[in-house]
Structure formats: structure tokens, C-alpha cells
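Source file: protein-v2.tsv. Holds: TSV, C-alpha atoms and all ligand atoms.
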```
chain	number	residue	atom	x	y	z
F	1	MET	CA	-34.24	103.37	-29.07
F	2	ASP	CA	-36.57	106.19	-30.10
F	3	ASN	CA	-37.02	109.16	-27.83
F	4	ILE	CA	-39.12	108.30	-24.76
F	5	PRO	CA	-41.03	111.41	-23.62
F	6	LEU	CA	-41.83	112.17	-19.99
F	7	ALA	CA	-45.57	112.29	-20.66
F	8	LYS	CA	-47.89	111.81	-23.61
F	9	PRO	CA	-51.66	112.32	-23.92
F	10	ASP	CA	-53.91	109.46	-25.07
F	11	ILE	CA	-56.10	110.95	-27.82
F	12	GLY	CA	-58.21	108.61	-29.95
F	13	GLU	CA	-60.91	108.66	-32.62
F	14	LEU	CA	-63.63	109.42	-30.06
F	15	GLU	CA	-61.97	112.69	-29.05
F	16	LYS	CA	-61.36	113.68	-32.68
F	17	ARG	CA	-64.99	113.02	-33.59
F	18	ALA	CA	-66.30	114.92	-30.54
F	19	VAL	CA	-64.19	117.98	-31.38
F	20	ALA	CA	-65.13	117.82	-35.08
F	21	LEU	CA	-68.84	117.77	-34.17
F	22	VAL	CA	-68.39	120.94	-32.11
F	23	LEU	CA	-66.64	122.67	-35.00
F	24	GLU	CA	-69.51	121.74	-37.33
F	25	SER	CA	-72.11	122.95	-34.81
F	26	ALA	CA	-70.60	126.47	-34.79
F	27	THR	CA	-71.31	126.82	-31.02
F	28	LEU	CA	-67.72	127.19	-29.87
F	29	GLY	CA	-68.26	128.67	-26.42
F	30	LEU	CA	-70.82	128.42	-23.56
F	31	GLY	CA	-72.65	125.53	-25.20
F	32	PRO	CA	-73.98	122.07	-24.39
F	33	LYS	CA	-70.57	120.35	-24.16
F	34	LEU	CA	-69.54	122.55	-21.23
F	35	LYS	CA	-72.60	121.42	-19.30
F	36	GLU	CA	-72.09	117.79	-20.28
F	37	PHE	CA	-68.46	117.84	-19.08
F	38	GLU	CA	-69.43	119.52	-15.80
F	39	ASP	CA	-72.33	117.16	-15.13
F	40	THR	CA	-70.16	114.10	-15.82
F	41	MET	CA	-67.48	115.39	-13.45
F	42	ALA	CA	-69.97	116.24	-10.67
F	43	LYS	CA	-71.34	112.71	-10.91
F	44	TYR	CA	-67.86	111.19	-10.97
F	45	VAL	CA	-66.84	112.79	-7.66
F	46	GLY	CA	-70.35	112.60	-6.18
F	47	LEU	CA	-70.81	116.34	-5.58
F	48	PRO	CA	-73.67	118.61	-6.66
F	49	TYR	CA	-71.60	121.33	-8.39
F	50	ALA	CA	-68.83	121.38	-11.01
F	51	ILE	CA	-67.59	124.46	-12.87
F	52	ALA	CA	-65.26	123.99	-15.83
F	53	VAL	CA	-62.60	126.67	-16.40
F	54	ASN	CA	-59.63	127.25	-18.69
F	55	SER	CA	-56.88	125.91	-16.37
F	56	GLY	CA	-56.23	124.31	-13.02
F	57	THR	CA	-54.60	127.57	-11.93
F	58	SER	CA	-57.76	129.58	-12.76
F	59	ALA	CA	-59.77	127.02	-10.80
F	60	LEU	CA	-57.52	127.49	-7.76
F	61	HIS	CA	-57.71	131.27	-7.98
F	62	LEU	CA	-61.52	131.31	-8.13
F	63	LEU	CA	-61.88	128.83	-5.30
F	64	VAL	CA	-59.59	130.83	-2.97
F	65	ARG	CA	-61.33	134.08	-3.97
F	66	SER	CA	-64.83	132.65	-3.57
F	67	MET	CA	-64.03	131.89	0.09
F	68	GLY	CA	-63.39	135.56	0.78
F	69	ILE	CA	-59.67	135.01	1.37
F	70	GLY	CA	-57.94	138.35	0.91
F	71	LYS	CA	-55.27	140.79	1.99
F	72	ASP	CA	-53.06	139.61	4.87
F	73	ASP	CA	-55.03	136.40	5.43
F	74	GLU	CA	-52.95	133.26	5.86
F	75	VAL	CA	-53.44	129.95	4.11
F	76	ILE	CA	-51.58	126.85	5.28
F	77	THR	CA	-50.17	124.79	2.42
F	78	THR	CA	-47.35	122.53	1.27
F	79	PRO	CA	-44.00	123.67	-0.18
F	80	PHE	CA	-43.73	120.41	-2.19
F	81	SER	CA	-46.03	121.04	-5.13
F	82	PHE	CA	-46.40	122.71	-8.48
F	83	ILE	CA	-46.08	126.49	-8.09
F	84	ALA	CA	-49.78	127.23	-8.79
F	85	SER	CA	-50.95	125.82	-5.44
F	86	ALA	CA	-49.12	128.64	-3.63
F	87	ASN	CA	-49.43	131.36	-6.30
F	88	CYS	CA	-53.24	131.21	-6.12
F	89	ILE	CA	-52.96	132.48	-2.52
F	90	LEU	CA	-50.70	135.37	-3.62
F	91	TYR	CA	-53.22	136.39	-6.34
F	92	GLN	CA	-55.53	137.37	-3.46
F	93	GLN	CA	-52.80	139.29	-1.55
F	94	ALA	CA	-52.96	136.57	1.09
F	95	ARG	CA	-49.91	134.77	2.51
F	96	PRO	CA	-49.02	131.11	1.98
F	97	VAL	CA	-47.75	129.58	5.25
F	98	PHE	CA	-45.76	126.46	4.44
F	99	VAL	CA	-45.78	123.32	6.57
F	100	ASP	CA	-43.23	120.56	5.93
F	101	ILE	CA	-44.21	117.24	4.35
F	102	ASN	CA	-44.55	113.60	5.35
F	103	PRO	CA	-41.51	111.72	3.95
F	104	ASP	CA	-43.65	108.76	2.75
F	105	THR	CA	-46.72	110.28	1.13
F	106	LEU	CA	-44.86	113.54	0.28
F	107	ASN	CA	-48.03	115.41	1.28
F	108	ILE	CA	-48.44	118.08	3.96
F	109	ASP	CA	-47.52	116.69	7.41
F	110	VAL	CA	-50.78	116.90	9.34
F	111	ALA	CA	-48.95	116.61	12.69
F	112	LYS	CA	-47.26	119.98	12.03
F	113	ILE	CA	-50.30	121.97	10.92
F	114	GLU	CA	-51.76	123.12	14.23
F	115	GLU	CA	-48.57	124.86	15.38
F	116	ALA	CA	-48.74	126.98	12.20
F	117	ILE	CA	-52.30	128.22	12.79
F	118	THR	CA	-52.65	131.89	13.84
F	119	PRO	CA	-55.66	134.21	14.24
F	120	ARG	CA	-55.12	135.20	10.58
F	121	THR	CA	-55.36	131.66	9.24
F	122	LYS	CA	-58.40	131.27	6.97
F	123	ALA	CA	-57.83	128.00	5.15
F	124	ILE	CA	-55.78	124.87	4.64
F	125	LEU	CA	-54.90	124.15	1.02
F	126	ALA	CA	-53.62	120.57	0.71
F	127	VAL	CA	-52.34	118.92	-2.47
F	128	ASP	CA	-52.60	115.24	-3.47
F	129	VAL	CA	-49.06	115.26	-4.76
F	130	PHE	CA	-48.09	112.74	-7.49
F	131	SER	CA	-51.69	111.40	-7.22
F	132	HIS	CA	-51.27	110.22	-3.61
F	133	PRO	CA	-54.21	111.45	-1.46
F	134	ALA	CA	-53.35	113.76	1.42
F	135	ASP	CA	-54.52	112.62	4.88
F	136	TRP	CA	-58.03	113.95	4.37
F	137	GLU	CA	-59.61	112.59	7.54
F	138	ALA	CA	-57.01	114.32	9.74
F	139	LEU	CA	-57.28	117.48	7.62
F	140	GLN	CA	-61.07	117.56	8.03
F	141	VAL	CA	-60.72	117.24	11.82
F	142	ILE	CA	-58.19	120.11	12.03
F	143	ALA	CA	-60.16	122.34	9.66
F	144	SER	CA	-63.41	121.94	11.54
F	145	ARG	CA	-61.75	122.32	14.97
F	146	HIS	CA	-60.29	125.70	13.92
F	147	LYS	CA	-63.17	126.74	11.62
F	148	LEU	CA	-60.96	126.89	8.54
F	149	TRP	CA	-61.86	126.38	4.89
F	150	LEU	CA	-60.45	123.15	3.49
F	151	ILE	CA	-59.26	123.36	-0.13
F	152	GLU	CA	-58.19	120.35	-2.18
F	153	ASP	CA	-55.72	120.73	-5.00
F	154	SER	CA	-56.52	117.45	-6.75
F	155	ALA	CA	-54.87	118.52	-10.01
F	156	GLU	CA	-52.72	115.38	-9.88
F	157	SER	CA	-55.22	112.93	-8.36
F	158	LEU	CA	-58.31	112.61	-10.56
F	159	GLY	CA	-59.45	109.02	-9.98
F	160	SER	CA	-57.42	108.33	-6.82
F	161	THR	CA	-59.34	107.28	-3.71
F	162	TYR	CA	-58.84	107.66	0.04
F	163	ARG	CA	-60.76	105.18	2.22
F	164	GLY	CA	-62.86	104.34	-0.82
F	165	LYS	CA	-63.89	107.92	-1.57
F	166	PRO	CA	-62.68	109.91	-4.60
F	167	CYS	CA	-60.11	112.70	-4.37
F	168	GLY	CA	-61.86	116.00	-4.88
F	169	SER	CA	-64.71	115.08	-2.51
F	170	PHE	CA	-63.15	115.89	0.87
F	171	GLY	CA	-62.85	119.65	1.19
F	172	ASP	CA	-65.13	122.68	0.91
F	173	GLY	CA	-63.96	122.83	-2.69
F	174	ALA	CA	-61.51	121.02	-4.93
F	175	ILE	CA	-59.89	121.53	-8.31
F	176	PHE	CA	-58.76	119.31	-11.17
F	177	ALA	CA	-56.43	120.22	-14.05
F	178	PHE	CA	-56.32	118.99	-17.63
F	179	TYR	CA	-52.97	120.07	-19.07
F	180	PRO	CA	-51.67	117.37	-21.49
F	181	ASN	CA	-49.49	115.62	-18.89
F	182	LYS	CA	-52.40	114.98	-16.46
F	183	GLN	CA	-54.45	111.75	-16.32
F	184	ILE	CA	-57.05	113.31	-18.66
F	185	THR	CA	-56.55	116.33	-20.88
F	186	THR	CA	-58.52	119.04	-22.66
F	187	GLY	CA	-55.40	120.78	-24.02
F	188	GLU	CA	-55.67	123.50	-21.40
F	189	GLY	CA	-58.42	123.25	-18.82
F	190	GLY	CA	-59.49	122.87	-15.23
F	191	MET	CA	-62.52	122.20	-13.03
F	192	ILE	CA	-63.85	123.30	-9.64
F	193	VAL	CA	-66.04	120.88	-7.68
F	194	THR	CA	-67.85	121.75	-4.46
F	195	ARG	CA	-70.73	120.80	-2.17
F	196	HIS	CA	-71.54	124.48	-1.44
F	197	LYS	CA	-74.07	126.25	-3.68
F	198	ASP	CA	-72.81	129.76	-2.83
F	199	ILE	CA	-69.20	128.88	-3.67
F	200	ALA	CA	-70.31	127.26	-6.91
F	201	GLU	CA	-72.31	130.32	-7.97
F	202	LYS	CA	-69.54	132.77	-7.09
F	203	CYS	CA	-67.01	130.72	-9.06
F	204	ARG	CA	-69.32	130.37	-12.05
F	205	SER	CA	-70.00	134.10	-12.12
F	206	MET	CA	-66.34	135.12	-11.67
F	207	ALA	CA	-65.22	132.70	-14.41
F	208	ASN	CA	-67.62	134.51	-16.76
F	209	GLN	CA	-66.71	138.20	-16.28
F	210	GLY	CA	-68.77	138.57	-13.09
F	211	ARG	CA	-72.08	138.10	-14.90
F	212	ALA	CA	-75.05	137.01	-12.77
F	213	VAL	CA	-75.47	133.23	-12.85
F	214	GLN	CA	-79.22	133.42	-13.41
F	215	ASP	CA	-81.15	135.83	-15.63
F	216	GLY	CA	-78.10	138.05	-16.04
F	217	LYS	CA	-77.76	140.36	-19.02
F	218	TRP	CA	-74.71	139.83	-21.25
F	219	LEU	CA	-73.31	143.30	-20.56
F	220	GLU	CA	-74.24	143.51	-16.88
F	221	HIS	CA	-71.52	142.59	-14.37
F	222	VAL	CA	-72.45	142.16	-10.72
F	223	GLN	CA	-68.94	141.54	-9.34
F	224	LEU	CA	-65.30	141.61	-10.39
F	225	GLY	CA	-64.91	138.81	-12.87
F	226	TYR	CA	-62.41	137.18	-15.16
F	227	ASN	CA	-62.53	135.35	-18.45
F	228	TYR	CA	-61.62	131.88	-17.22
F	229	ARG	CA	-64.13	130.07	-19.46
F	230	LEU	CA	-63.44	126.71	-21.10
F	231	ASP	CA	-64.32	126.52	-24.81
F	232	GLU	CA	-66.61	123.90	-26.33
F	233	MET	CA	-63.88	122.00	-28.20
F	234	SER	CA	-62.00	121.45	-24.94
F	235	ALA	CA	-65.16	120.55	-23.04
F	236	ALA	CA	-66.16	117.99	-25.69
F	237	MET	CA	-62.72	116.43	-25.48
F	238	GLY	CA	-62.85	116.44	-21.68
F	239	ALA	CA	-66.20	114.63	-21.59
F	240	VAL	CA	-64.77	111.83	-23.75
F	241	GLN	CA	-61.53	111.64	-21.75
F	242	LEU	CA	-63.46	111.41	-18.48
F	243	GLU	CA	-65.51	108.51	-19.90
F	244	ARG	CA	-62.24	106.79	-20.72
F	245	LEU	CA	-60.64	107.43	-17.31
F	246	PRO	CA	-61.23	103.87	-15.98
F	247	GLU	CA	-59.32	102.53	-19.01
F	248	PHE	CA	-56.51	105.06	-18.39
F	249	ILE	CA	-56.27	104.14	-14.69
F	250	LYS	CA	-55.88	100.46	-15.62
F	251	LYS	CA	-53.13	101.15	-18.16
F	252	ARG	CA	-51.22	103.43	-15.81
F	253	ASN	CA	-51.49	100.87	-13.03
F	254	GLN	CA	-49.91	98.33	-15.36
F	255	VAL	CA	-47.03	100.67	-16.22
F	256	ALA	CA	-46.46	101.39	-12.51
F	257	SER	CA	-46.23	97.67	-11.73
F	258	TRP	CA	-43.76	97.14	-14.59
F	259	TYR	CA	-41.55	99.84	-13.04
F	260	GLN	CA	-41.91	98.27	-9.61
F	261	GLU	CA	-40.83	94.88	-10.99
F	262	ALA	CA	-37.95	96.37	-12.94
F	263	PHE	CA	-36.57	98.05	-9.79
F	264	GLN	CA	-37.14	95.11	-7.44
F	265	ASP	CA	-33.40	94.41	-7.28
F	266	SER	CA	-32.10	98.00	-6.99
F	267	LYS	CA	-30.98	98.50	-3.43
F	268	GLY	CA	-31.36	101.97	-1.97
F	269	LEU	CA	-33.58	103.35	-4.71
F	270	GLU	CA	-36.82	104.51	-3.05
F	271	LEU	CA	-39.95	103.62	-5.02
F	272	PRO	CA	-43.29	105.48	-4.72
F	273	PHE	CA	-45.12	104.79	-1.45
F	274	VAL	CA	-48.82	103.89	-1.50
F	275	ASP	CA	-50.74	104.00	1.78
F	276	SER	CA	-52.90	100.90	2.29
F	277	GLN	CA	-56.01	103.10	2.69
F	278	CYS	CA	-55.50	104.67	-0.73
F	279	SER	CA	-55.72	103.59	-4.34
F	280	LEU	CA	-53.87	105.63	-6.91
F	281	SER	CA	-54.85	106.86	-10.33
F	282	TRP	CA	-51.14	107.13	-11.17
F	283	PHE	CA	-50.11	110.61	-12.38
F	284	VAL	CA	-46.31	110.24	-12.55
F	285	TYR	CA	-43.77	107.64	-11.49
F	286	VAL	CA	-41.26	109.37	-9.23
F	287	VAL	CA	-38.34	107.47	-7.67
F	288	ARG	CA	-35.89	108.82	-5.10
F	289	LEU	CA	-32.16	108.23	-5.23
F	290	PRO	CA	-30.49	106.92	-2.05
F	291	LYS	CA	-29.65	109.62	0.54
F	292	HIS	CA	-25.94	109.81	-0.27
F	293	PHE	CA	-26.64	111.19	-3.78
F	294	THR	CA	-26.34	114.96	-4.07
F	295	CYS	CA	-28.71	117.23	-5.95
F	296	ASN	CA	-26.00	117.82	-8.59
F	297	GLN	CA	-25.55	114.08	-9.09
F	298	ARG	CA	-29.31	113.73	-9.51
F	299	ASP	CA	-29.32	116.49	-12.13
F	300	LEU	CA	-26.41	114.82	-13.91
F	301	ILE	CA	-28.32	111.53	-14.06
F	302	ILE	CA	-31.33	113.33	-15.56
F	303	GLN	CA	-29.04	114.92	-18.15
F	304	LYS	CA	-27.38	111.60	-19.03
F	305	MET	CA	-30.77	109.89	-19.28
F	306	SER	CA	-31.74	112.60	-21.76
F	307	GLU	CA	-28.59	111.89	-23.80
F	308	ARG	CA	-29.90	108.32	-24.00
F	309	SER	CA	-33.26	109.63	-25.32
F	310	ILE	CA	-35.06	109.16	-21.99
F	311	ARG	CA	-36.80	112.32	-20.76
F	312	CYS	CA	-36.95	112.65	-16.97
F	313	SER	CA	-37.66	115.55	-14.63
F	314	ASN	CA	-36.80	116.83	-11.15
F	315	TYR	CA	-40.32	117.19	-9.65
F	316	PHE	CA	-40.29	119.39	-7.53
F	317	LEU	CA	-37.93	122.19	-6.65
F	318	PRO	CA	-39.60	123.24	-3.35
F	319	ILE	CA	-41.83	126.29	-3.80
F	320	HIS	CA	-40.11	128.30	-1.04
F	321	LEU	CA	-36.78	127.85	-2.87
F	322	GLN	CA	-38.11	129.13	-6.21
F	323	PRO	CA	-36.18	132.31	-7.12
F	324	PHE	CA	-39.32	134.47	-6.97
F	325	TYR	CA	-40.28	133.22	-3.50
F	326	LYS	CA	-36.74	133.55	-2.13
F	327	GLU	CA	-36.40	137.12	-3.40
F	328	THR	CA	-39.87	138.27	-2.40
F	329	PHE	CA	-40.28	136.57	0.99
F	330	GLY	CA	-36.71	135.84	2.11
F	331	TYR	CA	-37.07	132.08	2.33
F	332	LYS	CA	-33.81	130.19	2.87
F	333	GLU	CA	-32.51	126.65	2.72
F	334	MET	CA	-33.24	124.32	5.68
F	335	MET	CA	-36.59	125.92	6.53
F	336	TYR	CA	-38.51	122.80	5.45
F	337	PRO	CA	-35.84	120.07	5.67
F	338	VAL	CA	-37.96	117.03	4.75
F	339	CYS	CA	-39.27	118.72	1.62
F	340	GLU	CA	-35.78	119.91	0.64
F	341	ASP	CA	-34.23	116.47	1.17
F	342	ILE	CA	-36.92	114.79	-0.96
F	343	GLY	CA	-36.83	117.52	-3.62
F	344	SER	CA	-33.09	117.04	-4.11
F	345	ARG	CA	-33.33	113.27	-4.80
F	346	THR	CA	-36.44	112.79	-6.95
F	347	ILE	CA	-36.45	111.67	-10.56
F	348	ALA	CA	-39.74	111.56	-12.46
F	349	LEU	CA	-39.46	108.80	-15.07
F	350	PRO	CA	-41.32	108.62	-18.40
F	351	PHE	CA	-44.92	107.73	-17.58
F	352	PHE	CA	-47.94	107.55	-19.91
F	353	ASN	CA	-50.66	105.13	-21.06
F	354	ALA	CA	-48.84	103.87	-24.16
F	355	LEU	CA	-45.49	103.15	-22.48
F	356	THR	CA	-44.48	99.53	-23.25
F	357	LYS	CA	-42.89	96.93	-20.99
F	358	GLU	CA	-39.76	97.08	-23.19
F	359	GLN	CA	-39.51	100.85	-22.79
F	360	VAL	CA	-39.92	100.53	-19.02
F	361	ALA	CA	-37.13	97.94	-18.96
F	362	TYR	CA	-34.90	100.24	-21.03
F	363	VAL	CA	-35.54	103.19	-18.69
F	364	ALA	CA	-34.86	101.06	-15.59
F	365	GLU	CA	-31.69	99.51	-17.03
F	366	ASN	CA	-30.25	102.93	-17.87
F	367	LEU	CA	-31.14	104.46	-14.52
F	368	LYS	CA	-29.51	101.56	-12.66
F	369	ALA	CA	-26.37	101.80	-14.82
F	370	LEU	CA	-26.09	105.57	-14.33
F	371	MET	CA	-26.54	105.26	-10.57
F	372	LYS	CA	-23.57	102.86	-10.47
F	373	GLU	CA	-21.48	105.02	-12.81
F	374	ILE	CA	-22.07	108.25	-10.89
F	375	GLU	CA	-21.70	106.70	-7.45
F	376	LEU	CA	-18.09	105.71	-8.30
O	1	LIG	C1	-50.95	120.91	-12.93
O	1	LIG	C2	-51.15	121.44	-11.58
O	1	LIG	C3	-51.83	122.65	-11.33
O	1	LIG	C4	-52.20	123.66	-12.39
O	1	LIG	O1	-52.84	123.26	-13.48
O	1	LIG	P1	-52.76	124.10	-14.84
O	1	LIG	O2	-53.91	123.54	-15.59
O	1	LIG	O3	-51.44	123.80	-15.47
O	1	LIG	O4	-52.96	125.53	-14.53
O	1	LIG	C5	-52.06	123.02	-10.02
O	1	LIG	N1	-51.63	122.29	-8.99
O	1	LIG	C6	-50.94	121.14	-9.18
O	1	LIG	C7	-50.48	120.38	-7.98
O	1	LIG	C8	-50.65	120.70	-10.47
O	1	LIG	O5	-49.94	119.58	-10.65
```

As C-alpha cells - that is how I would like this structure written.
Amino acid sequence: MDNIPLAKPDIGELEKRAVALVLESATLGLGPKLKEFEDTMAKYVGLPYAIAVNSGTSALHLLVRSMGIGKDDEVITTPFSFIASANCILYQQARPVFVDINPDTLNIDVAKIEEAITPRTKAILAVDVFSHPADWEALQVIASRHKLWLIEDSAESLGSTYRGKPCGSFGDGAIFAFYPNKQITTGEGGMIVTRHKDIAEKCRSMANQGRAVQDGKWLEHVQLGYNYRLDEMSAAMGAVQLERLPEFIKKRNQVASWYQEAFQDSKGLELPFVDSQCSLSWFVYVVRLPKHFTCNQRDLIIQKMSERSIRCSNYFLPIHLQPFYKETFGYKEMMYPVCEDIGSRTIALPFFNALTKEQVAYVAENLKALMKEIEL
């Protein structure tokens, strides 16, 4: 069996043609494709403003900064995520305050949020982890009761819905990310979406060196800015990928059901949970080993899968246990026990549009065999 990667982008003739047209036009930055991509995204999530940037991480930074979150402010967030959702708080000299996760959805446990709120709390930053929507209705209630900003990290959930509404539409601002392993890709890229005009304008200005959004001069800078701009080639590709998203969602749904079928008979293996009020635009397919497996055994299985040409990953090592966070903030084991338990048993399996039923069967067969072998 040929190597089965963990993820693989779906790039076709339409994307190639769109990028080639940009190259021929010679407008490689701040051109019409940027606007087209933004307008398509705003329409997709049903919000008035979308600002394309050069990564999901840049999008998070600008969103946090645009809300005036700064030194010694606290932002409540999840420890079970990709590092960027906590780092963006540190970029502003603010403090991430972690709250443990729900063991089913793997998202921030809304029942534990209010006890973590202090007079310094300015925002809640929730993540739709592995494309499963966070509990947005409960989050909206808590945020408005305590007058907090609500930030959505929807980097993994473009196309997922919660009670019929799209991820990215629930908070004061949300972000998407377009690295090649996400549902749609621009190479590198990200997007901010918001219902607030002032947040949109601040983000747009800061992404472009702090230039004024309207009637600004090229070499006049009205605030501290960054170069977080997305180039035209990426924007052109993103517009095509977003058009194709419904096709991608369908394919990924098919792959997820093949996995579900293939694991029907494996006792103890925990398959991804989907709340009945949600529909997923599948980002990854992450299974959990039974509780009696240790973290080392999980890592050994991942290594042995790799020896059989199947690339898997250990999404996620909890953020508070990352070496940098432990050293800088003194976090220790057992501070967020649900997150740590889950994080020690997860295996992300190969998952992408072009994965075949045969490949899924091969992955499942090998995982089942290795679980038996290592359990002995
Ligand atoms: C991918 C991802 C990001 C960051 O996106 P980049 O484009 O890689 O900067 C942020 N948050 C989450 C949860 C992600 O999965």
C-alpha cells in the first residue's frame, strides 16, 4: 500500500486557472480577487464584514487586538486546541485563563466558565475543535450576562452548523484558517468575519500597516499596523475553493461514514461525537483509544501505523502542557483533567477528500490489529 498522508488538499483545474489569470494580470497584491474572496465569505456566513489575512493566527491576533484587549486583561479559553488560539492572547500581553473541556464535544465546558470570570476578564475565546461547534447559545448567554466579548476560533469549522446557523456567525468576531490541511486552502491564509463595523475597520487597517481604511495615503499610518495581507494568488485560489466547499463537505462526510462503518465492531474505541443540533463540515477524523491505554502506548501505535505507511497524529497535546507554557506560567499536570485524559488517547487518522473506501478499510484494519497487539 502506498503512503497514506494525514491530510491532502484538493486542488483542481479551476484553482490552477484562477491563479494563472492573476499572474497574467500582474496585480499580485491588494487587487480584485481579495475583494471577491472576502465578499464570498461574508455572504457564506451571512455577516456584513470579512477581512482576508495571511494566516488564521494573524486573524486571531487582529481580532483580539481590535477589541482593545491588552496588558493584564484575562481571556477565557480552552486548553484543548491548536496553540494559536492561546498565543494570540499572549501577543497582546493579556493572560489566557483555561477552562476544562466537555468530554463529548471536546469544546470548552460552558458549565465551568462562570467560576473562572474575574473583574479582569474581557472576553471568551471558544474554539470549534475538530469542526464540532462549541455550545454557542450558552456562550452567548454568559458573554452578554458578564458584558464580555465573544470570539470564535472557527479555524477548524468552516461549513459546520449549530442549530442551522453557520460557525463563524455567533460571536462578536470569528476567524477561519486556510492552511493546506483545513477544509479549504489558500496555501497560507486566514479570514476575519464580524457583524461590527468598527472591529472590521480596525482589523482591515491593522492588517495593512495601520493605513486608514478610507482615503488614506500610502505612506500615512494612523495606528500601529502589521503586514498581514493576503496576496492575490491566494485570494483567487480561496474564492474557487470556497465555491467548491459544498462538494468538499459531501466527500468528507462520505469518508467519515466509511470510518464509522469500519469501526462498528471495535469495542472500546471511542468514535467522534456529533451533537444532534449540529452538522459537521468534517475537518479531521479523531478516534480515542479505550481508557486503559497509556499515552506511551498511543504514541507507539502512531509510530507503528507510520511504519505501515499510514500517517496519524496525536491532536492535541494540551496547550497548558506545552513546554513553553509550562516553563513560562508554571502549569502542571492534572490542572485540566478532562482535557489531559482526552489528549493522551486521541489518534487523528488520515482524512482528506480523495481518501478511498479501500484506504479507509486498510487504516481501520491496521489500527484494530495494533490495538490488540499492544494491549497484550
Ligand atoms: C489551524 C488553526 C489555527 C491557525 O491557523 P494558521 O493559518 O495555521 O495560522 C488557529 N486555531 C485553530 C484551532 C487551528 O486549527

Using all atoms listed in the file, which residues of chain F come within 8 Å of ligand LIG 1 (chain O), and what is the closest atom pair for each, with the distance in Å to one decimal? Give it as a Markdown table, sorted by chain and residue number.
```
| residue | atom | partner | partner_atom | distance |
| --- | --- | --- | --- | --- |
| F:Asn54 | CA | O:LIG1 | O2 | 7.5 |
| F:Ser55 | CA | O:LIG1 | O2 | 3.9 |
| F:Gly56 | CA | O:LIG1 | O2 | 3.5 |
| F:Thr57 | CA | O:LIG1 | O4 | 3.7 |
| F:Ser58 | CA | O:LIG1 | O4 | 6.5 |
| F:Ala59 | CA | O:LIG1 | O4 | 7.9 |
| F:Leu60 | CA | O:LIG1 | C5 | 7.4 |
| F:Ser81 | CA | O:LIG1 | C7 | 5.3 |
| F:Phe82 | CA | O:LIG1 | C7 | 4.7 |
| F:Ile83 | CA | O:LIG1 | N1 | 7.0 |
| F:Ala84 | CA | O:LIG1 | C5 | 4.9 |
| F:Ser85 | CA | O:LIG1 | N1 | 5.1 |
| F:Val127 | CA | O:LIG1 | C7 | 6.0 |
| F:Asp128 | CA | O:LIG1 | C7 | 7.2 |
| F:Val129 | CA | O:LIG1 | C7 | 6.2 |
| F:Phe130 | CA | O:LIG1 | O5 | 7.8 |
| F:Asp153 | CA | O:LIG1 | N1 | 5.9 |
| F:Ser154 | CA | O:LIG1 | C7 | 6.8 |
| F:Ala155 | CA | O:LIG1 | C8 | 4.8 |
| F:Glu156 | CA | O:LIG1 | O5 | 5.1 |
| F:Phe176 | CA | O:LIG1 | O1 | 7.5 |
| F:Ala177 | CA | O:LIG1 | O2 | 4.4 |
| F:Phe178 | CA | O:LIG1 | O2 | 5.5 |
| F:Tyr179 | CA | O:LIG1 | O2 | 5.0 |
| F:Lys182 | CA | O:LIG1 | C1 | 7.1 |
| F:Glu188 | CA | O:LIG1 | O2 | 6.1 |
| F:Gly189 | CA | O:LIG1 | O2 | 5.6 |
| F:Gly190 | CA | O:LIG1 | O2 | 5.6 |
```

Would you mind listing what lies within 10 Å of F:Ile374 as a tab-separated table (two decimals) with C-alpha atoms, keeping the file's coordinate frame, with only C-alpha atoms counted and same-chain residues fewer than 6 positions away left out?
```
chain	number	residue	atom	x	y	z
F	293	PHE	CA	-26.64	111.19	-3.78
F	297	GLN	CA	-25.55	114.08	-9.09
F	298	ARG	CA	-29.31	113.73	-9.51
F	300	LEU	CA	-26.41	114.82	-13.91
F	301	ILE	CA	-28.32	111.53	-14.06
```

Worksheet item: If you measure from atom CA of F:Val19 to atom CA of F:Ile4, what distance in Å do you get, rounded to one decimal?
Response: 27.7 Å

Item to complete: Measure the distance from atom CA of F:Tyr44 to atom CA of F:Pro166 in Å and round it to one decimal.
Response: 8.3 Å

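You can rank F:Thr356, F:Ser276, F:Thr194, F:Gln93 by their closest distance to F:Gly168 using only C-alpha atoms, and at the top of that list sits F:Thr194.
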
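Each of F:Gly164, F:Leu30, F:Phe248, F:Asp265 was compared to F:Ala364 using only C-alpha atoms, and F:Asp265 turns out to be the nearest.
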
Item to complete: Name all residues at most 6 Å from stretch 235-247 of chain F (count all atoms listed in the file; drop same-chain ones fewer than 2 positions away) and give them as a list in words.
Response: Glu15, Ala18, Lys33, Leu34, Phe37, Ile184, Thr186, Glu232, Met233, Ile249 and Lys250 of chain F

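Using only C-alpha atoms, the nearest neighbour of F:Asn366 within the list F:Val99, F:Met334, F:Val45, F:Cys312 is F:Cys312.
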
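As for atom CA of F:Asp198 and atom CA of F:Leu219, they are spaced 22.3 Å apart.
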
Test item: axis-aligned box, all listed atoms of stretch 241-247 of chain F, 6 Å on each side, centre and edges in Å rounded to one decimal, as JSON:
```
{"center_x": -62.4, "center_y": 107.1, "center_z": -18.9, "size_x": 18.2, "size_y": 21.1, "size_z": 17.8}
```

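Nearest to F:Pro133 of all the residues F:Thr78, F:Ser344, F:Thr105, F:Asn353 is F:Thr105, counting all atoms listed in the file.
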
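Minimum distance to F:Met335 across F:Pro79, F:Gly173, F:Pro180, F:Pro5 (counting only C-alpha atoms) occurs at F:Pro79.
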